[in-house]
Every structure is written in structure tokens, then in C-alpha cells.
>>> print(open('entry_15.cif').read())   # mmCIF, C-alpha atoms
data_coords
loop_
_atom_site.label_atom_id
_atom_site.label_comp_id
_atom_site.auth_asym_id
_atom_site.auth_seq_id
_atom_site.Cartn_x
_atom_site.Cartn_y
_atom_site.Cartn_z
CA MET A 200 -56.12 137.89 -44.70
CA ILE A 201 -57.92 134.75 -43.60
CA GLU A 202 -58.22 131.55 -45.60
CA PRO A 203 -61.78 130.41 -44.77
CA VAL A 204 -61.23 126.74 -45.72
CA PHE A 205 -58.48 126.19 -43.16
CA LEU A 206 -60.44 128.09 -40.51
CA TYR A 207 -63.47 125.80 -40.90
CA ALA A 208 -61.18 122.75 -40.93
CA ALA A 209 -59.64 123.90 -37.63
CA LEU A 210 -63.18 124.31 -36.27
CA VAL A 211 -64.02 120.67 -37.11
CA VAL A 212 -60.76 119.54 -35.45
CA MET A 213 -61.80 121.47 -32.34
CA ILE A 214 -65.16 119.65 -32.30
CA ALA A 215 -63.28 116.34 -32.45
CA GLY A 216 -61.19 117.60 -29.53
CA LEU A 217 -64.40 118.27 -27.57
CA ILE A 218 -65.50 114.66 -28.11
CA THR A 219 -62.09 113.58 -26.81
CA ILE A 220 -62.42 115.79 -23.70
CA LEU A 221 -65.77 114.07 -23.07
CA ARG A 222 -63.91 110.74 -22.89
CA MET A 223 -61.35 112.29 -20.55
CA MET A 224 -64.14 113.33 -18.17
CA LEU A 225 -66.12 110.07 -18.44
CA GLY A 226 -63.20 107.62 -18.58
CA PRO A 227 -63.67 104.98 -15.89
CA SER A 228 -59.95 104.35 -15.27
CA VAL A 229 -56.77 106.45 -15.28
CA PRO A 230 -55.26 104.92 -18.50
CA ASP A 231 -58.49 105.79 -20.34
CA ARG A 232 -57.98 109.43 -19.44
CA VAL A 233 -54.31 109.29 -20.49
CA VAL A 234 -55.35 107.89 -23.89
CA GLY A 235 -57.76 110.80 -24.22
CA LEU A 236 -54.97 113.25 -23.38
CA ASP A 237 -52.63 111.69 -25.95
CA THR A 238 -55.32 111.93 -28.65
CA LEU A 239 -56.02 115.54 -27.67
CA ASN A 240 -52.33 116.40 -28.05
CA THR A 241 -52.28 115.11 -31.63
CA LEU A 242 -55.48 116.97 -32.44
CA VAL A 243 -54.09 120.21 -30.99
CA VAL A 244 -51.00 119.90 -33.21
CA ALA A 245 -53.22 119.39 -36.26
CA GLY A 246 -55.39 122.36 -35.28
CA MET A 247 -52.35 124.62 -34.76
CA VAL A 248 -50.94 123.76 -38.19
CA LEU A 249 -54.32 124.47 -39.81
CA LEU A 250 -54.71 127.77 -37.92
CA GLY A 251 -51.20 128.79 -38.95
CA ALA A 252 -52.24 128.39 -42.59
CA ALA A 253 -55.58 130.13 -41.95
CA TYR A 254 -54.12 133.28 -40.38
CA ASP A 255 -50.91 133.26 -42.51
CA ARG A 256 -48.66 133.09 -39.45
CA THR A 257 -45.63 130.76 -39.58
CA ILE A 258 -45.03 131.24 -35.84
CA TYR A 259 -48.15 129.13 -35.04
CA ILE A 260 -46.52 126.17 -36.78
CA ASP A 261 -43.32 126.64 -34.74
CA ILE A 262 -45.43 126.42 -31.60
CA ALA A 263 -46.93 123.19 -32.98
CA ILE A 264 -43.43 121.63 -33.30
CA VAL A 265 -42.53 122.52 -29.71
CA TYR A 266 -45.92 121.34 -28.45
CA ALA A 267 -45.57 117.96 -30.21
CA LEU A 268 -42.18 117.30 -28.59
CA LEU A 269 -43.15 118.54 -25.10
CA SER A 270 -46.49 116.70 -24.98
CA TYR A 271 -44.62 113.48 -25.82
CA ILE A 272 -42.41 114.00 -22.76
CA GLY A 273 -45.54 114.64 -20.68
CA THR A 274 -47.11 111.39 -21.88
CA LEU A 275 -43.92 109.47 -21.05
CA ALA A 276 -43.84 110.99 -17.54
CA ILE A 277 -47.46 109.99 -16.86
CA ALA A 278 -46.77 106.47 -18.18
CA ARG A 279 -43.75 106.11 -15.88
CA TYR A 280 -45.86 107.33 -12.97
CA LEU A 281 -48.58 104.75 -13.76
CA GLN A 282 -46.18 101.83 -13.65
CA GLY A 283 -44.70 103.09 -10.38
CA GLY A 284 -41.38 104.50 -11.59
CA LEU A 285 -41.54 107.98 -10.07
CA ALA A 286 -41.43 106.83 -6.47
CA MET B 180 -60.86 128.07 -58.40
CA ASN B 181 -58.44 125.66 -60.04
CA TRP B 182 -57.09 122.16 -59.54
CA VAL B 183 -54.83 123.14 -56.62
CA SER B 184 -57.90 124.17 -54.61
CA TYR B 185 -59.57 120.84 -55.31
CA LEU B 186 -56.37 119.02 -54.20
CA ILE B 187 -56.36 120.99 -50.93
CA TYR B 188 -60.07 120.28 -50.39
CA THR B 189 -59.49 116.55 -50.91
CA PHE B 190 -56.62 116.47 -48.41
CA LEU B 191 -58.64 118.43 -45.85
CA ALA B 192 -61.67 116.15 -46.28
CA ILE B 193 -59.58 113.00 -45.68
CA SER B 194 -57.85 114.63 -42.71
CA LEU B 195 -61.08 115.75 -41.02
CA THR B 196 -62.77 112.39 -41.63
CA PHE B 197 -60.01 110.43 -39.93
CA ASN B 198 -59.49 112.91 -37.08
CA THR B 199 -63.19 112.79 -36.21
CA LEU B 200 -63.24 109.01 -36.58
CA GLY B 201 -60.29 108.76 -34.18
CA SER B 202 -62.14 110.69 -31.50
CA ILE B 203 -65.33 108.67 -32.04
CA ALA B 204 -63.26 105.47 -31.71
CA LEU B 205 -62.56 106.49 -28.10
CA HIS B 206 -66.27 106.03 -27.37
CA ARG B 207 -66.93 102.97 -29.54
CA PHE B 208 -64.32 100.56 -28.15
CA PRO B 209 -64.51 98.78 -24.78
CA ASP B 210 -61.06 99.07 -23.13
CA VAL B 211 -57.74 100.96 -23.05
CA TYR B 212 -55.89 98.92 -25.68
CA THR B 213 -58.56 98.99 -28.38
CA ARG B 214 -59.06 102.70 -27.75
CA LEU B 215 -55.33 103.25 -28.29
CA HIS B 216 -55.65 101.58 -31.71
CA GLY B 217 -58.31 103.98 -32.91
CA ALA B 218 -56.77 107.04 -31.28
CA THR B 219 -53.17 106.59 -32.42
CA LYS B 220 -53.67 105.35 -35.98
CA CYS B 221 -56.56 107.53 -37.06
CA THR B 222 -55.29 110.81 -35.63
CA THR B 223 -51.75 110.28 -36.94
CA PHE B 224 -53.10 109.57 -40.42
CA GLY B 225 -55.45 112.56 -40.25
CA THR B 226 -52.63 114.87 -39.21
CA ILE B 227 -50.44 113.65 -42.10
CA PHE B 228 -53.11 114.82 -44.53
CA ALA B 229 -53.68 118.12 -42.69
CA VAL B 230 -49.95 118.86 -43.03
CA LEU B 231 -50.03 117.83 -46.71
CA ALA B 232 -52.88 120.29 -47.30
CA VAL B 233 -50.96 123.12 -45.60
CA PHE B 234 -47.79 122.19 -47.53
CA THR B 235 -49.63 122.28 -50.87
CA HIS B 236 -51.21 125.61 -49.95
CA ALA B 237 -47.82 127.06 -48.96
CA LEU B 238 -46.14 125.90 -52.19
CA TYR B 239 -48.97 127.34 -54.25
CA ARG B 240 -48.80 130.71 -52.47
CA LEU B 241 -45.00 130.68 -52.93
CA HIS B 242 -45.52 130.09 -56.65
CA VAL B 243 -48.12 132.87 -56.94
CA THR B 244 -46.67 135.60 -54.69
CA GLY B 245 -42.96 134.71 -54.46
CA ASP B 246 -42.95 135.65 -50.76
CA PRO B 247 -40.23 133.57 -48.99
CA LYS B 248 -42.36 133.39 -45.82
CA TYR B 249 -44.44 130.66 -47.49
CA LEU B 250 -41.31 128.52 -47.99
CA GLY B 251 -40.78 128.69 -44.23
CA MET B 252 -44.41 127.74 -43.61
CA GLY B 253 -44.17 124.60 -45.76
CA LEU B 254 -40.84 123.44 -44.32
CA HIS B 255 -41.92 124.05 -40.72
CA SER B 256 -45.12 122.05 -41.16
CA ILE B 257 -43.06 119.14 -42.53
CA VAL B 258 -40.80 119.32 -39.43
CA ALA B 259 -43.90 119.26 -37.19
CA LEU B 260 -45.12 116.16 -39.07
CA ILE B 261 -41.78 114.36 -38.60
CA ALA B 262 -41.77 115.16 -34.86
CA LEU B 263 -45.30 113.77 -34.55
CA LEU B 264 -44.54 110.63 -36.59
CA LEU B 265 -41.52 109.79 -34.41
CA THR B 266 -43.18 110.43 -31.05
CA ASN B 267 -46.77 109.22 -31.47
CA PRO B 268 -46.27 105.41 -31.73
CA THR B 269 -43.72 105.54 -28.90
CA GLY B 270 -46.15 107.34 -26.63
CA ALA B 271 -48.89 104.80 -27.40
CA HIS B 272 -46.45 101.97 -26.63
CA ALA B 273 -45.55 103.57 -23.28
CA ILE B 274 -49.21 103.98 -22.31
CA ALA B 275 -50.04 100.37 -23.26
CA LYS B 276 -47.15 98.95 -21.24
CA ALA B 277 -47.89 101.15 -18.22
CA ALA B 278 -51.58 100.24 -18.31
CA HIS B 279 -50.77 96.52 -18.40
CA LEU B 280 -48.18 96.77 -15.63
CA SER B 281 -50.54 98.73 -13.40
CA GLY B 282 -53.12 95.97 -13.67
CA TYR B 283 -55.71 96.87 -16.31
CA LYS B 284 -56.51 93.69 -18.20
CA PRO B 285 -57.72 93.74 -21.82
CA ALA B 286 -61.49 93.33 -21.93
CA LYS B 287 -63.01 90.42 -23.88
CA ALA B 288 -59.51 89.13 -24.79
CA VAL B 289 -59.26 85.67 -26.34
CA ILE B 290 -55.57 85.34 -25.33
CA ASP B 291 -53.17 87.29 -23.11
CA ALA B 292 -49.63 86.00 -23.69
CA TYR B 293 -48.07 88.96 -21.86
CA GLU B 294 -49.96 88.06 -18.67
CA GLU B 295 -48.60 84.49 -18.95
CA LYS B 296 -45.05 85.83 -19.19
CA LEU B 297 -45.44 88.18 -16.21
CA GLY B 298 -47.12 85.41 -14.19
CA GLY B 299 -44.12 83.17 -14.92
CA GLU B 300 -41.77 85.73 -13.40
CA GLY B 301 -43.91 85.99 -10.27
CA LYS B 302 -44.53 89.71 -10.47
CA MET C 190 -17.97 110.47 -33.69
CA PRO C 191 -21.09 111.33 -31.57
CA PHE C 192 -19.92 114.96 -31.63
CA ILE C 193 -19.78 115.08 -35.43
CA ALA C 194 -23.13 113.32 -35.88
CA ALA C 195 -24.94 115.60 -33.41
CA PHE C 196 -23.32 118.67 -34.98
CA ILE C 197 -24.39 117.74 -38.51
CA TRP C 198 -27.96 116.87 -37.51
CA SER C 199 -28.55 120.02 -35.44
CA TYR C 200 -27.03 122.24 -38.14
CA LEU C 201 -29.28 120.59 -40.77
CA LEU C 202 -32.33 121.22 -38.57
CA TRP C 203 -31.28 124.85 -38.13
CA LEU C 204 -30.90 125.25 -41.91
CA VAL C 205 -34.35 123.76 -42.53
CA LEU C 206 -35.99 125.98 -39.90
CA THR C 207 -34.39 129.24 -41.06
CA ALA C 208 -34.66 128.84 -44.85
CA GLY C 209 -35.99 131.91 -46.65
CA THR C 210 -34.29 134.66 -44.64
CA ASN C 211 -32.41 136.00 -47.70
CA GLY C 212 -34.55 135.57 -50.77
CA LEU C 213 -35.08 131.81 -50.84
CA LEU C 214 -31.67 131.12 -49.25
CA TRP C 215 -30.02 131.92 -45.92
CA SER C 216 -28.59 135.22 -44.71
CA THR C 217 -25.01 135.26 -43.38
CA GLN C 218 -26.00 136.05 -39.78
CA GLU C 219 -28.30 133.02 -39.66
CA LEU C 220 -25.53 130.73 -40.95
CA ILE C 221 -23.00 131.95 -38.35
CA ALA C 222 -25.50 131.84 -35.45
CA GLY C 223 -26.54 128.31 -36.47
CA LEU C 224 -22.87 127.23 -36.51
CA ILE C 225 -22.36 128.53 -32.94
CA PHE C 226 -25.55 126.94 -31.55
CA ALA C 227 -24.92 123.61 -33.30
CA LEU C 228 -21.43 123.52 -31.75
CA ILE C 229 -22.89 124.22 -28.28
CA VAL C 230 -25.55 121.50 -28.67
CA ALA C 231 -23.05 118.95 -29.98
CA TYR C 232 -20.62 119.68 -27.14
CA ALA C 233 -23.36 119.44 -24.49
CA THR C 234 -24.70 116.08 -25.75
CA ARG C 235 -21.39 114.35 -26.59
CA ASP C 236 -21.78 111.93 -23.64
CA VAL C 237 -25.51 111.34 -24.07
CA ILE C 238 -25.49 110.09 -27.67
CA GLY C 239 -24.13 106.58 -28.11
CA GLU C 240 -20.93 105.68 -29.94
CA LYS C 241 -22.86 104.14 -32.85
CA ALA C 242 -24.64 107.38 -33.82
CA GLY C 243 -22.27 107.81 -36.76
CA ARG C 244 -23.97 105.08 -38.78
CA PHE C 245 -26.95 107.36 -39.42
CA LEU C 246 -24.63 109.55 -41.51
CA ASN C 247 -24.39 106.80 -44.11
CA PRO C 248 -26.14 107.99 -47.31
CA VAL C 249 -27.09 104.43 -48.30
CA LYS C 250 -29.23 104.29 -45.14
CA TRP C 251 -31.07 107.50 -46.11
CA LEU C 252 -31.92 105.98 -49.49
CA GLY C 253 -33.19 102.95 -47.60
CA PHE C 254 -35.49 105.12 -45.49
CA ILE C 255 -36.76 106.95 -48.56
CA ALA C 256 -37.52 103.59 -50.22
CA TYR C 257 -39.20 102.42 -47.01
CA SER C 258 -41.63 105.34 -46.71
CA PRO C 259 -44.05 104.29 -49.53
CA VAL C 260 -44.25 100.78 -48.05
CA LEU C 261 -45.04 102.23 -44.62
CA PHE C 262 -47.54 104.69 -46.09
CA TRP C 263 -49.42 101.97 -47.96
CA GLY C 264 -49.52 99.95 -44.73
CA MET C 265 -50.98 102.96 -42.93
CA VAL C 266 -53.68 103.45 -45.58
CA LYS C 267 -54.78 99.82 -45.18
CA ALA C 268 -54.62 100.14 -41.37
CA ASN C 269 -56.82 103.19 -41.30
CA LEU C 270 -59.49 101.79 -43.61
CA HIS C 271 -59.49 98.67 -41.41
CA VAL C 272 -59.83 100.62 -38.16
CA ALA C 273 -62.49 102.85 -39.72
CA TRP C 274 -64.49 99.74 -40.65
CA LEU C 275 -64.09 98.39 -37.11
CA VAL C 276 -65.24 101.70 -35.60
CA ILE C 277 -68.38 101.63 -37.73
CA THR C 278 -69.27 97.95 -37.29
CA GLY C 279 -67.80 97.26 -33.84
CA LYS C 280 -66.88 93.59 -34.54
CA ILE C 281 -63.63 92.98 -32.64
CA ARG C 282 -61.79 89.94 -31.24
CA PRO C 283 -58.88 91.41 -29.25
CA GLY C 284 -55.97 89.78 -27.47
CA ILE C 285 -52.24 90.04 -26.78
CA VAL C 286 -50.09 87.60 -28.78
CA ARG C 287 -46.41 86.74 -28.56
CA VAL C 288 -44.59 87.26 -31.86
CA PRO C 289 -41.13 85.71 -32.25
CA VAL C 290 -38.79 87.93 -34.29
CA ASP C 291 -35.22 87.55 -35.49
CA LEU C 292 -33.57 90.94 -34.92
CA GLU C 293 -30.21 91.97 -33.51
CA ASN C 294 -29.98 95.49 -32.06
CA ASP C 295 -32.06 98.23 -30.48
CA ALA C 296 -32.50 100.29 -33.65
CA GLN C 297 -34.08 97.32 -35.43
CA TYR C 298 -36.46 96.76 -32.50
CA THR C 299 -37.44 100.43 -32.52
CA ILE C 300 -38.17 100.51 -36.25
CA MET C 301 -40.08 97.22 -36.04
CA SER C 302 -42.23 98.26 -33.05
CA ASN C 303 -43.10 101.67 -34.45
CA SER C 304 -43.99 100.17 -37.84
CA ILE C 305 -46.18 97.56 -36.16
CA THR C 306 -47.96 100.25 -34.16
CA LEU C 307 -48.76 102.27 -37.27
CA THR C 308 -49.98 99.35 -39.40
CA PRO C 309 -53.10 97.17 -39.57
CA GLY C 310 -54.81 96.26 -36.33
CA THR C 311 -51.72 95.77 -34.17
CA LEU C 312 -50.05 97.70 -31.33
CA THR C 313 -46.79 96.78 -29.62
CA VAL C 314 -47.13 96.41 -25.83
CA ASP C 315 -43.61 95.28 -24.95
CA ALA C 316 -40.36 94.25 -26.65
CA CYS C 317 -38.14 91.59 -25.08
CA PRO C 318 -34.73 91.51 -26.81
CA GLU C 319 -33.46 88.79 -24.42
CA GLU C 320 -36.07 86.26 -25.59
CA LYS C 321 -36.30 87.69 -29.14
CA ALA C 322 -40.02 88.34 -28.99
CA LEU C 323 -42.51 91.20 -29.25
CA TYR C 324 -45.79 91.29 -27.35
CA VAL C 325 -48.40 92.68 -29.68
CA HIS C 326 -52.01 93.66 -29.00
CA TRP C 327 -54.03 92.50 -32.00
CA ILE C 328 -57.49 93.97 -32.39
CA LYS C 329 -59.02 91.24 -34.58
CA ILE C 330 -57.28 87.88 -34.24
CA PRO C 331 -58.21 85.43 -37.05
CA GLU C 332 -59.44 82.00 -35.92
CA GLY C 333 -56.53 79.71 -35.01
CA MET C 334 -53.87 82.45 -35.01
CA GLU C 335 -53.56 82.82 -31.23
CA ARG C 336 -49.93 81.64 -31.20
CA PRO C 337 -48.20 82.80 -34.42
CA GLU C 338 -44.97 81.03 -35.40
CA SER C 339 -43.38 83.96 -37.27
CA SER C 340 -44.00 87.68 -37.72
CA GLU C 341 -45.40 87.19 -41.24
CA PRO C 342 -49.17 87.29 -40.42
CA VAL C 343 -48.74 90.19 -37.98
CA ALA C 344 -46.31 92.57 -39.62
CA GLY C 345 -46.16 91.51 -43.29
CA PRO C 346 -42.87 92.61 -44.90
CA PHE C 347 -41.75 94.90 -42.07
CA GLU C 348 -39.36 92.51 -40.34
CA LYS C 349 -37.28 92.25 -43.51
CA TRP C 350 -37.18 96.05 -43.82
CA ALA C 351 -36.32 96.57 -40.15
CA ARG C 352 -33.43 94.12 -40.41
CA ARG C 353 -32.10 95.90 -43.49
CA LEU C 354 -32.47 99.47 -42.16
CA GLY C 355 -31.22 99.15 -38.59
CA ARG C 356 -28.00 97.30 -39.35
#
>>> encode(input="entry_15.cif", output="C-alpha cells")
Amino acid sequence: MIEPVFLYAALVVMIAGLITILRMMLGPSVPDRVVGLDTLNTLVVAGMVLLGAAYDRTIYIDIAIVYALLSYIGTLAIARYLQGGLA
Amino acid sequence: MNWVSYLIYTFLAISLTFNTLGSIALHRFPDVYTRLHGATKCTTFGTIFAVLAVFTHALYRLHVTGDPKYLGMGLHSIVALIALLLTNPTGAHAIAKAAHLSGYKPAKAVIDAYEEKLGGEGK
Amino acid sequence: MPFIAAFIWSYLLWLVLTAGTNGLLWSTQELIAGLIFALIVAYATRDVIGEKAGRFLNPVKWLGFIAYSPVLFWGMVKANLHVAWLVITGKIRPGIVRVPVDLENDAQYTIMSNSITLTPGTLTVDACPEEKALYVHWIKIPEGMERPESSEPVAGPFEKWARRLGR
């Protein structure tokens, strides 16, 4: 059983993610791309929660929790690398 | 079609508006710091309302069908929201500090007090 | 004390994540497995978590956080309408200002910085506890506010709340 409303909402979130990927490809400097990546992480979490409701699968939402925590650690690692801490 | 559906539609409309606005903000603003404003605030707010919509949907299905799987769906989405709320501002803060320390100056800034402090320490 | 705090928090998280395995409550296997895993986690992190972790078990503090959430949410609503208006019109006047604050410990600085990041037009760049100041990127500085004397124009009521919650 599919809830069409949540499926279309997840589709719009994916389009917003595409706009964000455009900034990641265009971005003139490295921090611009990292900002794009951070935004994309949040959008992916939102899309996963919406898809979990659309397909009636709780396991998708569990993946969203793990993804939110792990992407935060990834962002912190890139930030440390930018300020020269991973030498 | 009842009032719960309209509540879910309202939440989803707010959520999608702010998520899309957050990604457009990445193209409207001139430098890293102003882009972080749009990206962090708008997408966090949009995701709060997406989770609220899913939570309302799960509670309504729980009320209609009595299937305990919907209780798990609602609680898990709330946990995802709390994880996001705790980590998102901290990540933005880390990016802003790293960008400033690696030498990207704010564009069109009228004042840069942080630069004055770092200059004083002879970085 | 860190052991007890970590144990209680991880067991609570386990209970929230496994609710609904027996009717709307928990089955016995889930409760026992959660007890074992919470003990392992608490034993493994007993040196990582600081000695002061026990203060987050105080129920008065939870009530404080529950009372704080509507204030924070209203701030976020205003912030988002503001940023939405700025995205549409594009009129900005950005800059990094130094905001003197009167806080004592790390928890207060964390609450204050995260609240500032989520509320109107401001984003914390760095916190300096040794000189009691925050460096805040402000997207639209009003005329004549380049060097604020207190945190009132930047953060509104949040400094008061941060001082009360992080004690």
C-alpha cells in the first residue's frame, strides 16, 4: 500500500536535493561545496522519513536516524580537515 | 477525507516550501556564511514539519487500525528529529569556523570582529 | 555517576526504539536484551562521559527544557519567515560581530550557541569562554549596531534561558 501524498512530497524533496547538487558542482570554493553537502544530508533525512511513511516501512526511518548521526560526523571530519587538523 | 488529512497536507506544504527555499537560498546568497544561514535554518525547519506530518499520519493510522507498527513509526521519526536538531546547528558552526580559519572572508561585510581578534594574536 | 547516567539514557533510548513489540508495550526478551546492551554501553563509556553528567538526571531540568521548547520554536518561526523574505528580496548587510555574554560553563555556551544558530538572522562562528564573548555572523546588521554592548539585540531572551538551563 502506497500513500500517494507522501510519495509526491518525497519527490519534491528530491528536486530540492538536485538544486543543492547543482551548487555542489558549481561552488567556487571548497566550503561552498561542504555547505551544499550539509544541506543535502538534511534533505536526505527528510526524504527518508517521508518515504518510510509512503511505503509503510518503519525500517526506512531507522536508517534516517543512523544517517543523521553519521553524516554529522562526516561534516565534522571535513571541517577539521579544512582548518588543518588532520595533518 | 477528514480534518486529519487537511492537517497532514498543511504540514507537508509548509515543509516542502521551506525545504525548497533552503536549497534556492544556496544560489541566491553571495558567500559561504550567508549560504549557511539559508541552508541550516530553512532545511531544519522544513524537516521539523515533515516529521510532524509523518507523526500525525502514524497516530491516525494507529487510531484507525490498532496496528502497533504505527506506534514504532511515530516514535522513530521523533528520534530522527531530535538527532537532527542536536547535530545540525553544531555542524553549521563547525563549517563556519573552518571556513574562516582557512581564509575565506565574508563577502560585502560591513564589520569583521573575528578577523580583528585573529589578527591581534598574529595567526 | 557517569555510569548510572549513561545507563539510564541508553536504556530509555532502547525502550523508545522498541516500543510496540508486545501489543503497545514491550516483550520480555526486548527488556532483558536492552538491559544487557545498556550495561555494556555504560561500562564502555564510563571514562568518556564527564563527572557532571549526573545533573541531566534532575527532573527540574527536564521541565525547564520542556518550557524552553515553545520559546525556541517561536524564535525559529520568526527566523524562517525572515530568511525567506531575505531569499526573495536579496537585501542583506552581513558582518561578524562580537557579542559579550555572561555565562559560566560549557553547557551554557552550547545551549546559547545552538539557540543563536537556529534563531533570526544570526549564526555562531566561534565561542571564546576565556574572554566571555561569542563571535556571531549577522546577516542583516541594523545601522549603528556594529559593536553591540549586550546580547539583547542579537539573541533576545535566550541568554537568560541558557543561564537557567545549563546550571
>>> closest_atom_pairs(input="entry_15.cif", of="chain A", to="chain C", cutoff="12 Å", atoms="all atoms listed in the file", output="CSV")
residue,atom,partner,partner_atom,distance
A:Thr257,CA,C:Leu206,CA,10.8
A:Ile258,CA,C:Leu206,CA,11.2
A:Ile260,CA,C:Leu206,CA,11.0
A:Asp261,CA,C:Leu206,CA,9.0
A:Ile264,CA,C:Leu206,CA,10.9
>>> residues_around(input="entry_15.cif", residues="range 266-268 of chain C", least_positions_apart="5", cutoff="8 Å", atoms="only C-alpha atoms", output="MDAnalysis selection string")
(chainID B and resid 220) or (chainID C and resid 307:310)
>>> closest_residue(input="entry_15.cif", among="A:Met213, A:Ile220, A:Leu269, A:Asp231", to="chain B", atoms="all atoms listed in the file")
A:Asp231
>>> interface_residues(input="entry_15.cif", of="chain C", to="chain B", cutoff="10 Å", atoms="all atoms listed in the file", output="JSON, numbers by chain")
{"C": [202, 205, 206, 207, 208, 209, 210, 211, 212, 213, 214, 262, 265, 266, 268, 269, 270, 272, 273, 275, 276, 277, 278, 279, 280, 281, 282, 283, 284, 285, 286, 287, 288, 299, 302, 303, 304, 305, 306, 307, 308, 309, 310, 311, 312, 313, 314, 315, 316, 323, 324, 325, 326, 327, 328, 329, 330, 335, 336]}
>>> residues_near_point(input="entry_15.cif", point="(-52.1, 128.7, -50.0)", cutoff="12 Å", atoms="all atoms listed in the file", output="ChimeraX atom specification")
/A:200-205,249,251-256 /B:183-184,186-188,231-246,248-250,252-253
>>> resolve_selection(input="entry_15.cif", expression="the PyMOL selection byres ((chain A) within 6 of (chain B))", output="NGL selection string")
:A and (215 or 219 or 230-231 or 238 or 245 or 257 or 264 or 278 or 281-282)
>>> atom_distance(input="entry_15.cif", atom1="CA of Tyr200 in chain C", atom2="CA of Leu224 in chain C")
6.7 Å
>>> atom_distance(input="entry_15.cif", atom1="CA of Tyr280 in chain A", atom2="CA of Leu221 in chain A")
23.3 Å
>>> atom_distance(input="entry_15.cif", atom1="CA of Asp291 in chain C", atom2="CA of Pro318 in chain C")
9.6 Å
>>> resolve_selection(input="entry_15.cif", expression="the PyMOL selection byres ((chain A and resi 240) around 10)", output="list in words")
Gly216, Val234, Gly235, Leu236, Asp237, Thr238, Leu239, Thr241, Leu242, Val243, Val244, Ala245, Gly246, Ala263, Tyr266, Ala267, Leu269, Ser270, Tyr271 and Thr274 of chain A; Thr222, Leu263 and Asn267 of chain B
>>> closest_residue(input="entry_15.cif", among="C:Gly264, C:Trp198, C:Phe192, C:Ile255", to="Ile238 in chain C", atoms="all atoms listed in the file")
C:Phe192
>>> closest_residue(input="entry_15.cif", among="A:Leu206, A:Ile277, A:Gly283, A:Val212", to="Val229 in chain A", atoms="all atoms listed in the file")
A:Ile277
>>> resolve_selection(input="entry_15.cif", expression="the PyMOL selection byres ((chain C and resi 322) around 6)", output="ChimeraX atom specification")
/C:288-290,317,320-321,323
>>> build_atoms(input="entry_15.cif", residues="range 311-327 of chain C", atoms="N, CA and C atoms", output="tab-separated table (two decimals), in the frame of the given file")
chain	number	residue	atom	x	y	z
C	311	THR	N	-52.64	96.28	-35.17
C	311	THR	CA	-51.72	95.77	-34.17
C	311	THR	C	-51.07	96.92	-33.42
C	312	LEU	N	-50.66	96.66	-32.17
C	312	LEU	CA	-50.05	97.70	-31.33
C	312	LEU	C	-49.07	97.02	-30.40
C	313	THR	N	-47.81	97.44	-30.42
C	313	THR	CA	-46.79	96.78	-29.62
C	313	THR	C	-46.96	97.15	-28.15
C	314	VAL	N	-47.02	96.14	-27.26
C	314	VAL	CA	-47.13	96.41	-25.83
C	314	VAL	C	-45.75	96.36	-25.19
C	315	ASP	N	-44.93	95.36	-25.54
C	315	ASP	CA	-43.61	95.28	-24.95
C	315	ASP	C	-42.68	94.55	-25.91
C	316	ALA	N	-41.38	94.93	-25.85
C	316	ALA	CA	-40.36	94.25	-26.65
C	316	ALA	C	-39.38	93.58	-25.69
C	317	CYS	N	-39.07	92.32	-25.94
C	317	CYS	CA	-38.14	91.59	-25.08
C	317	CYS	C	-36.95	91.13	-25.91
C	318	PRO	N	-35.88	91.93	-25.99
C	318	PRO	CA	-34.73	91.51	-26.81
C	318	PRO	C	-34.07	90.25	-26.27
C	319	GLU	N	-34.16	89.97	-24.95
C	319	GLU	CA	-33.46	88.79	-24.42
C	319	GLU	C	-34.11	87.49	-24.85
C	320	GLU	N	-35.45	87.49	-25.08
C	320	GLU	CA	-36.07	86.26	-25.59
C	320	GLU	C	-36.51	86.41	-27.04
C	321	LYS	N	-36.03	87.46	-27.72
C	321	LYS	CA	-36.30	87.69	-29.14
C	321	LYS	C	-37.78	87.59	-29.47
C	322	ALA	N	-38.59	88.38	-28.75
C	322	ALA	CA	-40.02	88.34	-28.99
C	322	ALA	C	-40.61	89.73	-28.77
C	323	LEU	N	-41.72	89.99	-29.49
C	323	LEU	CA	-42.51	91.20	-29.25
C	323	LEU	C	-43.86	90.76	-28.73
C	324	TYR	N	-44.43	91.54	-27.78
C	324	TYR	CA	-45.79	91.29	-27.35
C	324	TYR	C	-46.69	92.32	-28.00
C	325	VAL	N	-47.64	91.82	-28.80
C	325	VAL	CA	-48.40	92.68	-29.68
C	325	VAL	C	-49.88	92.55	-29.36
C	326	HIS	N	-50.55	93.70	-29.16
C	326	HIS	CA	-52.01	93.66	-29.00
C	326	HIS	C	-52.63	93.69	-30.39
C	327	TRP	N	-53.45	92.67	-30.67
C	327	TRP	CA	-54.03	92.50	-32.00
C	327	TRP	C	-55.53	92.68	-31.86
